[in-house]
>>> print(open('protein.txt').read())   # compact mmCIF, C-alpha atoms and all ligand atoms
# COMPACT_ATOMS: atom_id res chain seq x y z
CA MET A 1 -16.53 -23.91 2.86
CA HIS A 2 -17.93 -20.75 1.31
CA LYS A 3 -19.12 -21.43 -2.22
CA MET A 4 -17.03 -18.73 -3.86
CA MET A 5 -13.83 -19.73 -2.08
CA VAL A 6 -12.86 -22.19 -4.81
CA LEU A 7 -11.06 -19.88 -7.19
CA VAL A 8 -7.52 -20.73 -8.20
CA GLU A 9 -5.00 -21.03 -5.41
CA ALA A 10 -1.87 -20.53 -7.41
CA SER A 11 1.86 -20.47 -6.94
CA ALA A 12 3.88 -17.31 -7.63
CA PRO A 13 3.63 -16.07 -11.21
CA ASP A 14 6.73 -16.11 -13.35
CA PRO A 15 7.67 -12.46 -13.96
CA LEU A 16 9.09 -13.37 -17.35
CA ARG A 17 5.63 -14.18 -18.54
CA PHE A 18 5.09 -10.44 -18.69
CA CYS A 19 7.28 -10.38 -21.78
CA GLY A 20 4.64 -12.23 -23.75
CA SER A 21 1.05 -11.30 -24.29
CA TRP A 22 -0.14 -12.96 -21.12
CA MET A 23 -2.17 -10.63 -18.96
CA PRO A 24 -1.93 -11.38 -15.25
CA PRO A 25 -5.36 -11.56 -13.64
CA ASN A 26 -4.39 -9.65 -10.57
CA LEU A 27 -2.99 -6.31 -11.70
CA PRO A 28 -5.52 -3.49 -11.56
CA PRO A 29 -6.32 -1.97 -14.97
CA HIS A 30 -4.17 1.10 -14.37
CA VAL A 31 -1.04 -1.02 -13.89
CA LEU A 32 0.25 -2.04 -17.28
CA PRO A 33 2.17 -5.31 -17.64
CA ALA A 34 4.60 -3.47 -19.93
CA VAL A 35 5.37 -1.08 -17.07
CA VAL A 36 5.94 -3.91 -14.63
CA GLU A 37 8.28 -5.49 -17.15
CA ASP A 38 10.15 -2.23 -17.71
CA LEU A 39 10.44 -1.74 -13.96
CA GLN A 40 12.54 -4.89 -13.74
CA THR A 41 15.51 -2.72 -14.72
CA PHE A 42 14.52 0.31 -12.63
CA ARG A 43 17.67 1.80 -11.06
CA PHE A 44 17.48 1.86 -7.31
CA ARG A 45 19.95 3.82 -5.19
CA PRO A 46 21.35 2.71 -1.82
CA ASP A 47 19.68 5.67 -0.05
CA ASP A 48 16.23 4.93 -1.49
CA ILE A 49 13.33 4.09 0.79
CA LEU A 50 10.64 1.89 -0.71
CA ILE A 51 7.32 1.44 1.06
CA VAL A 52 5.73 -1.87 0.05
CA THR A 53 2.17 -2.88 0.89
CA SER A 54 -0.74 -4.93 -0.24
CA PRO A 55 -3.36 -2.25 -1.05
CA LYS A 56 -5.28 -0.54 1.78
CA SER A 57 -2.75 -1.39 4.45
CA GLY A 58 -1.60 2.13 5.31
CA THR A 59 0.66 2.91 2.35
CA HIS A 60 0.09 6.66 2.37
CA TRP A 61 0.26 6.88 6.13
CA ALA A 62 3.66 5.18 6.17
CA PHE A 63 4.83 7.34 3.29
CA GLU A 64 3.84 10.61 4.98
CA THR A 65 5.37 9.49 8.28
CA ALA A 66 8.72 8.63 6.68
CA ALA A 67 8.63 11.85 4.65
CA LEU A 68 7.88 13.91 7.78
CA ILE A 69 10.78 12.28 9.61
CA LYS A 70 13.09 13.24 6.76
CA ALA A 71 11.65 16.78 6.99
CA ASP A 72 12.14 16.91 10.79
CA GLY A 73 8.42 17.21 11.38
CA VAL A 74 7.73 20.21 9.12
CA TRP A 75 5.09 19.57 6.47
CA GLU A 76 6.28 22.45 4.30
CA ASN A 77 9.74 20.85 4.08
CA VAL A 78 8.48 17.51 2.81
CA LYS A 79 10.02 16.95 -0.60
CA ARG A 80 7.26 16.78 -3.16
CA ASP A 81 9.43 17.30 -6.19
CA THR A 82 8.04 14.54 -8.28
CA LEU A 83 4.48 14.15 -9.44
CA LYS A 84 3.83 11.04 -7.49
CA ASN A 85 5.89 8.40 -5.81
CA HIS A 86 3.91 5.31 -6.73
CA LEU A 87 6.31 3.16 -8.72
CA GLU A 88 3.98 1.22 -11.00
CA PHE A 89 1.19 3.76 -11.51
CA THR A 90 0.61 5.58 -14.74
CA LEU A 91 -2.55 7.62 -14.31
CA LEU A 92 -2.16 11.31 -13.83
CA ASN A 93 -4.85 13.72 -14.92
CA LYS A 94 -8.03 14.21 -12.99
CA GLU A 95 -9.90 13.18 -16.12
CA SER A 96 -7.85 10.01 -16.64
CA TYR A 97 -10.42 7.81 -15.07
CA ASP A 98 -13.25 8.90 -17.33
CA LYS A 99 -11.55 10.03 -20.51
CA SER A 100 -8.71 8.95 -22.68
CA VAL A 101 -5.74 11.16 -21.81
CA PRO A 102 -2.02 10.54 -22.30
CA LEU A 103 -0.49 8.36 -19.62
CA ILE A 104 2.54 9.47 -17.71
CA MET A 105 4.77 6.76 -16.31
CA PHE A 106 5.53 7.77 -12.74
CA TYR A 107 8.68 5.65 -12.63
CA LYS A 108 10.22 7.72 -15.40
CA GLU A 109 9.71 10.82 -13.25
CA LEU A 110 11.09 9.00 -10.23
CA ASP A 111 14.18 8.04 -12.21
CA LYS A 112 15.03 11.74 -12.50
CA MET A 113 14.19 12.62 -8.90
CA PRO A 114 17.16 13.70 -6.77
CA SER A 115 18.10 11.58 -3.75
CA PRO A 116 16.97 10.77 -1.17
CA ARG A 117 13.82 9.30 -2.64
CA ILE A 118 10.85 7.78 -0.85
CA MET A 119 8.67 5.69 -3.15
CA PHE A 120 5.89 3.21 -2.72
CA THR A 121 4.53 0.18 -4.49
CA HIS A 122 1.97 -2.60 -4.17
CA LEU A 123 3.99 -4.96 -6.36
CA PRO A 124 4.41 -8.36 -4.71
CA HIS A 125 7.87 -9.62 -3.86
CA GLU A 126 8.19 -11.68 -7.05
CA LEU A 127 7.52 -8.65 -9.26
CA LEU A 128 9.60 -6.07 -7.42
CA PRO A 129 12.50 -4.61 -9.39
CA PRO A 130 15.47 -6.79 -8.31
CA GLY A 131 17.64 -3.67 -8.01
CA VAL A 132 15.99 -2.80 -4.70
CA PHE A 133 17.66 -5.85 -3.14
CA GLU A 134 20.92 -5.51 -5.07
CA VAL A 135 21.74 -2.02 -3.79
CA ASN A 136 20.37 -2.70 -0.30
CA ALA A 137 17.79 0.07 -0.44
CA LYS A 138 15.53 0.22 2.61
CA ILE A 139 12.13 -1.43 2.47
CA ILE A 140 9.31 -0.51 4.87
CA TYR A 141 6.59 -3.14 4.60
CA THR A 142 3.22 -2.25 6.15
CA ALA A 143 0.69 -5.01 6.81
CA ARG A 144 -2.86 -4.59 8.12
CA ASN A 145 -5.29 -7.07 9.59
CA PRO A 146 -6.80 -8.75 6.53
CA LYS A 147 -10.42 -8.21 7.52
CA ASP A 148 -9.96 -4.44 7.58
CA VAL A 149 -7.96 -4.63 4.35
CA LEU A 150 -10.93 -6.25 2.65
CA ALA A 151 -13.42 -3.80 4.14
CA SER A 152 -11.27 -0.82 3.17
CA LEU A 153 -10.81 -2.06 -0.39
CA TYR A 154 -14.50 -2.74 -0.76
CA LYS A 155 -15.37 0.76 0.45
CA PHE A 156 -12.80 2.22 -1.93
CA ILE A 157 -14.05 0.27 -4.95
CA GLY A 158 -17.57 1.28 -3.95
CA LEU A 159 -16.64 4.86 -4.77
CA THR A 160 -15.59 3.96 -8.31
CA PRO A 161 -17.65 3.17 -11.41
CA ASP A 162 -16.40 -0.42 -10.98
CA ALA A 163 -18.68 -0.70 -7.96
CA LYS A 164 -21.46 -2.18 -10.03
CA PHE A 165 -19.20 -5.04 -11.15
CA VAL A 166 -17.59 -5.88 -7.82
CA THR A 167 -19.76 -7.28 -5.07
CA TRP A 168 -18.63 -7.83 -1.49
CA GLU A 169 -18.94 -11.60 -2.05
CA MET A 170 -16.68 -11.45 -5.10
CA LEU A 171 -14.01 -9.52 -3.31
CA TYR A 172 -14.26 -11.64 -0.20
CA SER A 173 -13.93 -14.83 -2.25
CA SER A 174 -10.94 -13.61 -4.20
CA PHE A 175 -8.83 -12.63 -1.20
CA PHE A 176 -6.62 -15.71 -0.94
CA THR A 177 -6.56 -16.41 -4.67
CA GLU A 178 -4.61 -15.37 -7.70
CA TYR A 179 -7.49 -13.04 -8.60
CA PHE A 180 -6.95 -10.72 -5.67
CA MET A 181 -5.38 -7.41 -6.59
CA TYR A 182 -1.57 -7.85 -6.77
CA GLY A 183 -1.88 -11.54 -5.92
CA PRO A 184 -3.18 -13.54 -2.96
CA TRP A 185 -3.03 -11.40 0.17
CA HIS A 186 -1.21 -14.02 2.26
CA ARG A 187 1.51 -14.55 -0.33
CA HIS A 188 2.14 -10.81 -0.49
CA VAL A 189 2.40 -10.39 3.28
CA LEU A 190 4.22 -13.62 4.06
CA SER A 191 6.95 -13.00 1.50
CA PHE A 192 7.96 -9.93 3.53
CA TRP A 193 7.19 -11.43 6.93
CA LYS A 194 9.93 -13.94 6.08
CA LEU A 195 12.33 -11.03 5.55
CA ARG A 196 11.40 -9.23 8.77
CA ASN A 197 14.82 -9.77 10.35
CA ASP A 198 16.70 -8.55 7.30
CA LYS A 199 18.54 -5.37 8.19
CA ASN A 200 17.13 -3.59 5.15
CA VAL A 201 13.51 -4.52 5.86
CA LEU A 202 11.24 -2.98 8.49
CA PHE A 203 8.00 -4.94 8.86
CA LEU A 204 5.24 -2.83 10.43
CA LYS A 205 1.61 -3.47 11.29
CA TYR A 206 -1.10 -0.86 10.78
CA GLU A 207 -2.61 -1.68 14.17
CA ASP A 208 0.71 -0.98 15.94
CA MET A 209 0.97 2.33 14.10
CA LYS A 210 -2.46 3.16 15.47
CA LYS A 211 -1.90 1.92 19.03
CA HIS A 212 1.76 2.80 19.60
CA PRO A 213 2.49 5.73 17.28
CA SER A 214 5.48 7.12 19.24
CA LYS A 215 7.22 3.77 19.22
CA ILE A 216 6.62 3.29 15.50
CA VAL A 217 7.78 6.79 14.55
CA THR A 218 10.99 6.18 16.52
CA GLN A 219 11.42 2.80 14.87
CA ILE A 220 11.03 4.27 11.39
CA ALA A 221 13.44 7.11 12.18
CA GLU A 222 16.08 4.66 13.39
CA PHE A 223 15.54 2.40 10.41
CA ILE A 224 16.00 5.18 7.88
CA ASP A 225 19.01 6.56 9.79
CA HIS A 226 17.40 9.90 10.53
CA PRO A 227 17.51 10.52 14.29
CA ILE A 228 14.85 12.87 15.68
CA SER A 229 14.38 14.54 19.05
CA ASP A 230 11.49 13.58 21.33
CA ASP A 231 9.80 16.90 20.49
CA VAL A 232 10.00 16.23 16.77
CA ARG A 233 8.75 12.70 17.34
CA ASP A 234 5.74 14.01 19.26
CA GLU A 235 5.08 16.56 16.55
CA ILE A 236 5.10 13.83 13.90
CA VAL A 237 2.74 11.66 15.95
CA LYS A 238 0.30 14.58 16.10
CA LYS A 239 0.60 15.38 12.43
CA THR A 240 0.04 11.83 11.26
CA THR A 241 -3.30 11.36 12.99
CA MET A 242 -6.18 10.96 10.60
CA ASP A 243 -7.59 14.45 11.15
CA GLN A 244 -4.29 16.26 10.78
CA MET A 245 -3.37 14.23 7.75
CA LYS A 246 -6.65 15.10 6.07
CA LYS A 247 -6.00 18.78 6.78
CA GLU A 248 -2.54 18.57 5.25
CA MET A 249 -3.86 16.80 2.16
CA LYS A 250 -6.46 19.54 1.76
CA ARG A 251 -3.71 22.14 1.99
CA LEU A 252 -1.73 20.33 -0.72
CA GLU A 253 -4.78 20.17 -2.95
CA GLU A 254 -5.37 23.88 -2.53
CA THR A 255 -1.81 25.10 -2.81
CA LEU A 256 -0.07 22.80 -5.31
CA GLU A 257 -1.20 22.69 -8.90
CA ASP A 258 -1.22 18.88 -8.88
CA GLY A 259 -1.73 18.53 -5.14
CA TYR A 260 -4.55 16.05 -5.52
CA ILE A 261 -2.06 13.50 -6.87
CA PHE A 262 -0.66 13.02 -3.39
CA SER A 263 -3.99 12.46 -1.73
CA LYS A 264 -6.33 10.98 -4.28
CA ALA A 265 -6.45 8.01 -6.62
CA PHE A 266 -7.61 8.90 -10.12
CA GLY A 267 -7.74 12.52 -8.98
CA LYS A 268 -10.97 11.80 -7.15
CA LEU A 269 -10.93 9.11 -4.51
CA SER A 270 -9.31 10.01 -1.22
CA TYR A 271 -6.78 7.63 0.29
CA PHE A 272 -7.73 9.04 3.68
CA GLN A 273 -11.05 7.66 4.82
CA LYS A 274 -12.06 6.40 8.25
CA GLY A 275 -8.75 5.00 9.48
CA VAL A 276 -9.99 2.76 12.29
CA ILE A 277 -9.41 -0.80 13.45
CA GLY A 278 -12.48 -3.04 13.32
CA ASP A 279 -14.64 -1.55 10.57
CA TRP A 280 -14.68 -5.06 9.04
CA LYS A 281 -17.48 -5.91 11.47
CA ASN A 282 -19.80 -3.83 9.32
CA PHE A 283 -19.13 -6.03 6.29
CA PHE A 284 -18.49 -9.66 7.29
CA THR A 285 -21.44 -11.92 8.01
CA VAL A 286 -21.01 -14.22 10.99
CA ALA A 287 -20.58 -17.18 8.62
CA GLN A 288 -18.02 -15.34 6.48
CA ASN A 289 -16.10 -14.35 9.57
CA GLU A 290 -15.91 -17.93 10.81
CA GLU A 291 -14.88 -19.25 7.44
CA PHE A 292 -12.33 -16.48 7.00
CA ASP A 293 -10.75 -17.31 10.35
CA LYS A 294 -10.31 -20.91 9.20
CA GLN A 295 -8.83 -19.84 5.88
CA LEU A 296 -6.48 -17.51 7.68
CA GLU A 297 -5.39 -20.11 10.20
CA GLU A 298 -4.49 -22.48 7.36
CA ARG A 299 -2.26 -19.85 5.81
CA LEU A 300 -0.78 -17.99 8.77
CA GLY A 301 -1.09 -20.62 11.48
CA GLU A 302 2.51 -21.78 11.58
CA THR A 303 4.12 -18.52 10.57
CA GLY A 304 3.85 -16.55 13.81
CA LEU A 305 2.20 -13.63 12.01
CA GLU A 306 -0.79 -12.35 13.99
CA PHE A 307 -2.96 -9.25 13.87
CA ASP A 308 -5.21 -7.20 16.16
CA TYR A 309 -8.78 -7.02 14.91
CA GLU A 310 -10.07 -4.32 17.23
P1 LIG B 1 -9.95 2.87 5.70
O1 LIG B 1 -10.51 2.70 4.31
O2 LIG B 1 -10.22 1.70 6.58
O3 LIG B 1 -10.36 4.15 6.32
P2 LIG B 1 -3.60 2.88 1.64
O4 LIG B 1 -2.88 4.16 1.89
O5 LIG B 1 -2.73 1.68 1.66
O6 LIG B 1 -4.48 2.98 0.42
O7 LIG B 1 -4.57 2.62 2.90
C1 LIG B 1 -5.74 3.37 3.05
C2 LIG B 1 -6.30 3.10 4.43
O8 LIG B 1 -5.43 3.68 5.42
C3 LIG B 1 -7.67 3.75 4.62
O9 LIG B 1 -8.36 2.92 5.56
C4 LIG B 1 -7.26 5.08 5.22
O10 LIG B 1 -8.32 5.76 5.86
C5 LIG B 1 -6.18 4.62 6.20
N1 LIG B 1 -5.31 5.73 6.67
C6 LIG B 1 -4.70 6.66 5.92
N2 LIG B 1 -4.05 7.53 6.71
C7 LIG B 1 -4.25 7.13 7.99
C8 LIG B 1 -3.86 7.65 9.27
N3 LIG B 1 -3.12 8.75 9.38
N4 LIG B 1 -4.27 6.97 10.37
C9 LIG B 1 -5.02 5.87 10.28
N5 LIG B 1 -5.43 5.34 9.10
C10 LIG B 1 -5.06 5.97 7.96
>>> encode(input="protein.txt", output="structure tokens")
Amino acid sequence: MHKMMVLVEASAPDPLRFCGSWMPPNLPPHVLPAVVEDLQTFRFRPDDILIVTSPKSGTHWAFETAALIKADGVWENVKRDTLKNHLEFTLLNKESYDKSVPLIMFYKELDKMPSPRIMFTHLPHELLPPGVFEVNAKIIYTARNPKDVLASLYKFIGLTPDAKFVTWEMLYSSFFTEYFMYGPWHRHVLSFWKLRNDKNVLFLKYEDMKKHPSKIVTQIAEFIDHPISDDVRDEIVKKTTMDQMKKEMKRLEETLEDGYIFSKAFGKLSYFQKGVIGDWKNFFTVAQNEEFDKQLEERLGETGLEFDYE
């Protein structure tokens, strides 16, 4: 076994512990426990769409696809009437990452947003606002092969000042533990894999979005009850390729005052990078890959959940 793979393997945290001073180890610094606690009473609406992912699994891609479907394939008609649709985030200004600036709670903006809303979150099942299940809002869960998730996250962190504190080995070793961002990856994904046949849950895989885009766009349109013609479907497939998406994000940045909020974390780091299957091969050693496969088999083996790795 890899030396670092001995960190805590924990059961689901008790959300109520957020009421005390306990600081969960797995929320990133820009997600405040007080916000997660407050979100427990967030008012969902039956026509809400919530995209749920473990980070780096295609959150923004799924969001833009669903938004384009609602806008019948026209970028200019995508509703961008709130600052940002990420439920638990608080950062806003471009300077937030470096300087102390007032925080804006995105969920308070989302609370005022007219329906229909499309929002997204990385919160694990056990910390999701219960209202989302009570009103039967629609949940689109996007999962990605875990090796590419790790590689993508590592590349992303590498662009931040945190890079000097987070080594590849640290991140790799934390993946199945309570120390991984938003909780152990397998717990996050499996909690929604179990719900995949629920009529209000659509479980998607990043690799299928990449390999069978027409099918996935149709599936999303049906799921969110917004039928589209074949022409519109084809248009959306074209627009949600990596290159076209980057172009659109650039347009937003140039034309909207706060356009960068839709495309960049902390106002600086693009959510749209390489967008390929298999980049993990540039990061895993042979030994890490073998050990990871064993770890994965132990956790996913019996569940029927499988991924494409190239
Ligand atoms: P890479 O870092 O591997 O390039 P999230 O939105 O959950 O943060 O996920 C980010 C990952 O999704 C990044 O992966 C990003 O490049 C990829 N991505 C974003 N838009 C995409 C698209 N239209 N097609 C394919 N991948 C996309």
>>> residues_around(input="protein.txt", residues="Lys70 (chain A)", least_positions_apart="2", cutoff="12 Å", atoms="all atoms listed in the file", output="PyMOL selection string")
chain A and resi 49+63-68+72-79+115-118+217+220-228+232-233+236
>>> closest_atom_pairs(input="protein.txt", of="chain A", to="ligand LIG 1 (chain B)", cutoff="6 Å", atoms="only C-alpha atoms and all ligand atoms", output="tab-separated table")
residue	atom	partner	partner_atom	distance
A:Pro55	CA	B:LIG1	O5	4.8
A:Lys56	CA	B:LIG1	O5	3.4
A:Ser57	CA	B:LIG1	O5	4.1
A:Gly58	CA	B:LIG1	O5	3.8
A:Thr59	CA	B:LIG1	O5	3.7
A:His60	CA	B:LIG1	O4	3.9
A:Trp61	CA	B:LIG1	N2	4.4
A:Ser152	CA	B:LIG1	O1	3.8
A:Thr240	CA	B:LIG1	N3	4.8
A:Thr241	CA	B:LIG1	N3	4.5
A:Met242	CA	B:LIG1	N3	4.0
A:Met245	CA	B:LIG1	N3	5.7
A:Tyr271	CA	B:LIG1	C1	5.2
A:Phe272	CA	B:LIG1	O10	4.0
A:Gln273	CA	B:LIG1	O10	3.5
A:Lys274	CA	B:LIG1	O3	3.4
A:Gly275	CA	B:LIG1	N5	3.4
A:Val276	CA	B:LIG1	O2	5.8
>>> closest_residue(input="protein.txt", among="A:Ile104, A:Met170, A:Leu127, A:Leu296", to="Leu27 (chain A)", atoms="only C-alpha atoms")
A:Leu127
>>> closest_residue(input="protein.txt", among="A:Ile261, A:Ile139, A:Leu39, A:Gly158", to="Asn85 (chain A)", atoms="only C-alpha atoms")
A:Ile261
>>> atom_distance(input="protein.txt", atom1="CA of Val52 (chain A)", atom2="CA of Asp231 (chain A)")
28.0 Å
>>> closest_residue(input="protein.txt", among="A:Leu300, A:Ala265, A:Ala34, A:Leu87", to="Lys194 (chain A)", atoms="all atoms listed in the file")
A:Leu300
>>> residues_around(input="protein.txt", residues="Thr160 (chain A)", least_positions_apart="4", cutoff="12 Å", atoms="only C-alpha atoms", output="compact mmCIF listing (two decimals) with C-alpha atoms, in the frame of the given file")
# COMPACT_ATOMS: atom_id res chain seq x y z
CA TYR A 97 -10.42 7.81 -15.07
CA ASP A 98 -13.25 8.90 -17.33
CA LEU A 153 -10.81 -2.06 -0.39
CA TYR A 154 -14.50 -2.74 -0.76
CA LYS A 155 -15.37 0.76 0.45
CA PHE A 156 -12.80 2.22 -1.93
CA LYS A 164 -21.46 -2.18 -10.03
CA PHE A 165 -19.20 -5.04 -11.15
CA VAL A 166 -17.59 -5.88 -7.82
CA ALA A 265 -6.45 8.01 -6.62
CA PHE A 266 -7.61 8.90 -10.12
CA GLY A 267 -7.74 12.52 -8.98
CA LYS A 268 -10.97 11.80 -7.15
CA LEU A 269 -10.93 9.11 -4.51
CA SER A 270 -9.31 10.01 -1.22
>>> closest_residue(input="protein.txt", among="A:Glu126, A:Glu235, A:Asp47, A:Glu88", to="Arg187 (chain A)", atoms="all atoms listed in the file")
A:Glu126
>>> closest_residue(input="protein.txt", among="A:Val237, A:Val35, A:Ala62, A:Leu123", to="His212 (chain A)", atoms="all atoms listed in the file")
A:Val237
>>> closest_residue(input="protein.txt", among="A:Thr255, A:Asp198, A:Ile51, A:Pro130", to="Glu37 (chain A)", atoms="all atoms listed in the file")
A:Pro130
>>> residues_near_point(input="protein.txt", point="(-7.9, -14.2, -1.7)", cutoff="10 Å", atoms="only C-alpha atoms", output="list of chain:residue names")
A:Met5, A:Val6, A:Leu7, A:Val8, A:Glu9, A:Pro146, A:Leu150, A:Met170, A:Leu171, A:Tyr172, A:Ser173, A:Ser174, A:Phe175, A:Phe176, A:Thr177, A:Glu178, A:Tyr179, A:Phe180, A:Met181, A:Gly183, A:Pro184, A:Trp185, A:His186, A:Arg187, A:Gln295
>>> write_last_selection(input="protein.txt", atoms="C-alpha atoms", output="mmCIF file, in the coordinates of the input")
data_model
loop_
_atom_site.group_PDB
_atom_site.id
_atom_site.type_symbol
_atom_site.label_atom_id
_atom_site.label_comp_id
_atom_site.auth_asym_id
_atom_site.auth_seq_id
_atom_site.Cartn_x
_atom_site.Cartn_y
_atom_site.Cartn_z
ATOM 1 C CA MET A 5 -13.830 -19.730 -2.080
ATOM 2 C CA VAL A 6 -12.860 -22.190 -4.810
ATOM 3 C CA LEU A 7 -11.060 -19.880 -7.190
ATOM 4 C CA VAL A 8 -7.520 -20.730 -8.200
ATOM 5 C CA GLU A 9 -5.000 -21.030 -5.410
ATOM 6 C CA PRO A 146 -6.800 -8.750 6.530
ATOM 7 C CA LEU A 150 -10.930 -6.250 2.650
ATOM 8 C CA MET A 170 -16.680 -11.450 -5.100
ATOM 9 C CA LEU A 171 -14.010 -9.520 -3.310
ATOM 10 C CA TYR A 172 -14.260 -11.640 -0.200
ATOM 11 C CA SER A 173 -13.930 -14.830 -2.250
ATOM 12 C CA SER A 174 -10.940 -13.610 -4.200
ATOM 13 C CA PHE A 175 -8.830 -12.630 -1.200
ATOM 14 C CA PHE A 176 -6.620 -15.710 -0.940
ATOM 15 C CA THR A 177 -6.560 -16.410 -4.670
ATOM 16 C CA GLU A 178 -4.610 -15.370 -7.700
ATOM 17 C CA TYR A 179 -7.490 -13.040 -8.600
ATOM 18 C CA PHE A 180 -6.950 -10.720 -5.670
ATOM 19 C CA MET A 181 -5.380 -7.410 -6.590
ATOM 20 C CA GLY A 183 -1.880 -11.540 -5.920
ATOM 21 C CA PRO A 184 -3.180 -13.540 -2.960
ATOM 22 C CA TRP A 185 -3.030 -11.400 0.170
ATOM 23 C CA HIS A 186 -1.210 -14.020 2.260
ATOM 24 C CA ARG A 187 1.510 -14.550 -0.330
ATOM 25 C CA GLN A 295 -8.830 -19.840 5.880
#
>>> residues_around(input="protein.txt", residues="Arg45 (chain A)", least_positions_apart="6", cutoff="8 Å", atoms="only C-alpha atoms", output="list in words")
Val132, Val135 and Ala137 of chain A
>>> write_last_selection(input="protein.txt", atoms="C-alpha atoms", output="CSV table (one decimal), keeping the file's coordinate frame")
chain,number,residue,atom,x,y,z
A,132,VAL,CA,16.0,-2.8,-4.7
A,135,VAL,CA,21.7,-2.0,-3.8
A,137,ALA,CA,17.8,0.1,-0.4
>>> atom_distance(input="protein.txt", atom1="CA of Phe42 (chain A)", atom2="CA of Arg80 (chain A)")
20.3 Å
>>> residues_around(input="protein.txt", residues="Glu109 (chain A)", least_positions_apart="3", cutoff="8 Å", atoms="all atoms listed in the file", output="list of chain:residue names")
A:Thr82, A:Leu83, A:Met105, A:Phe106, A:Lys112, A:Met113
>>> write_last_selection(input="protein.txt", atoms="C-alpha atoms", output="PDB file, in the coordinates of the input")
ATOM      1  CA  THR A  82       8.040  14.540  -8.280  1.00  0.00           C
ATOM      2  CA  LEU A  83       4.480  14.150  -9.440  1.00  0.00           C
ATOM      3  CA  MET A 105       4.770   6.760 -16.310  1.00  0.00           C
ATOM      4  CA  PHE A 106       5.530   7.770 -12.740  1.00  0.00           C
ATOM      5  CA  LYS A 112      15.030  11.740 -12.500  1.00  0.00           C
ATOM      6  CA  MET A 113      14.190  12.620  -8.900  1.00  0.00           C
TER       7      MET A 113
END
>>> atom_distance(input="protein.txt", atom1="CA of Val36 (chain A)", atom2="CA of Phe133 (chain A)")
16.5 Å
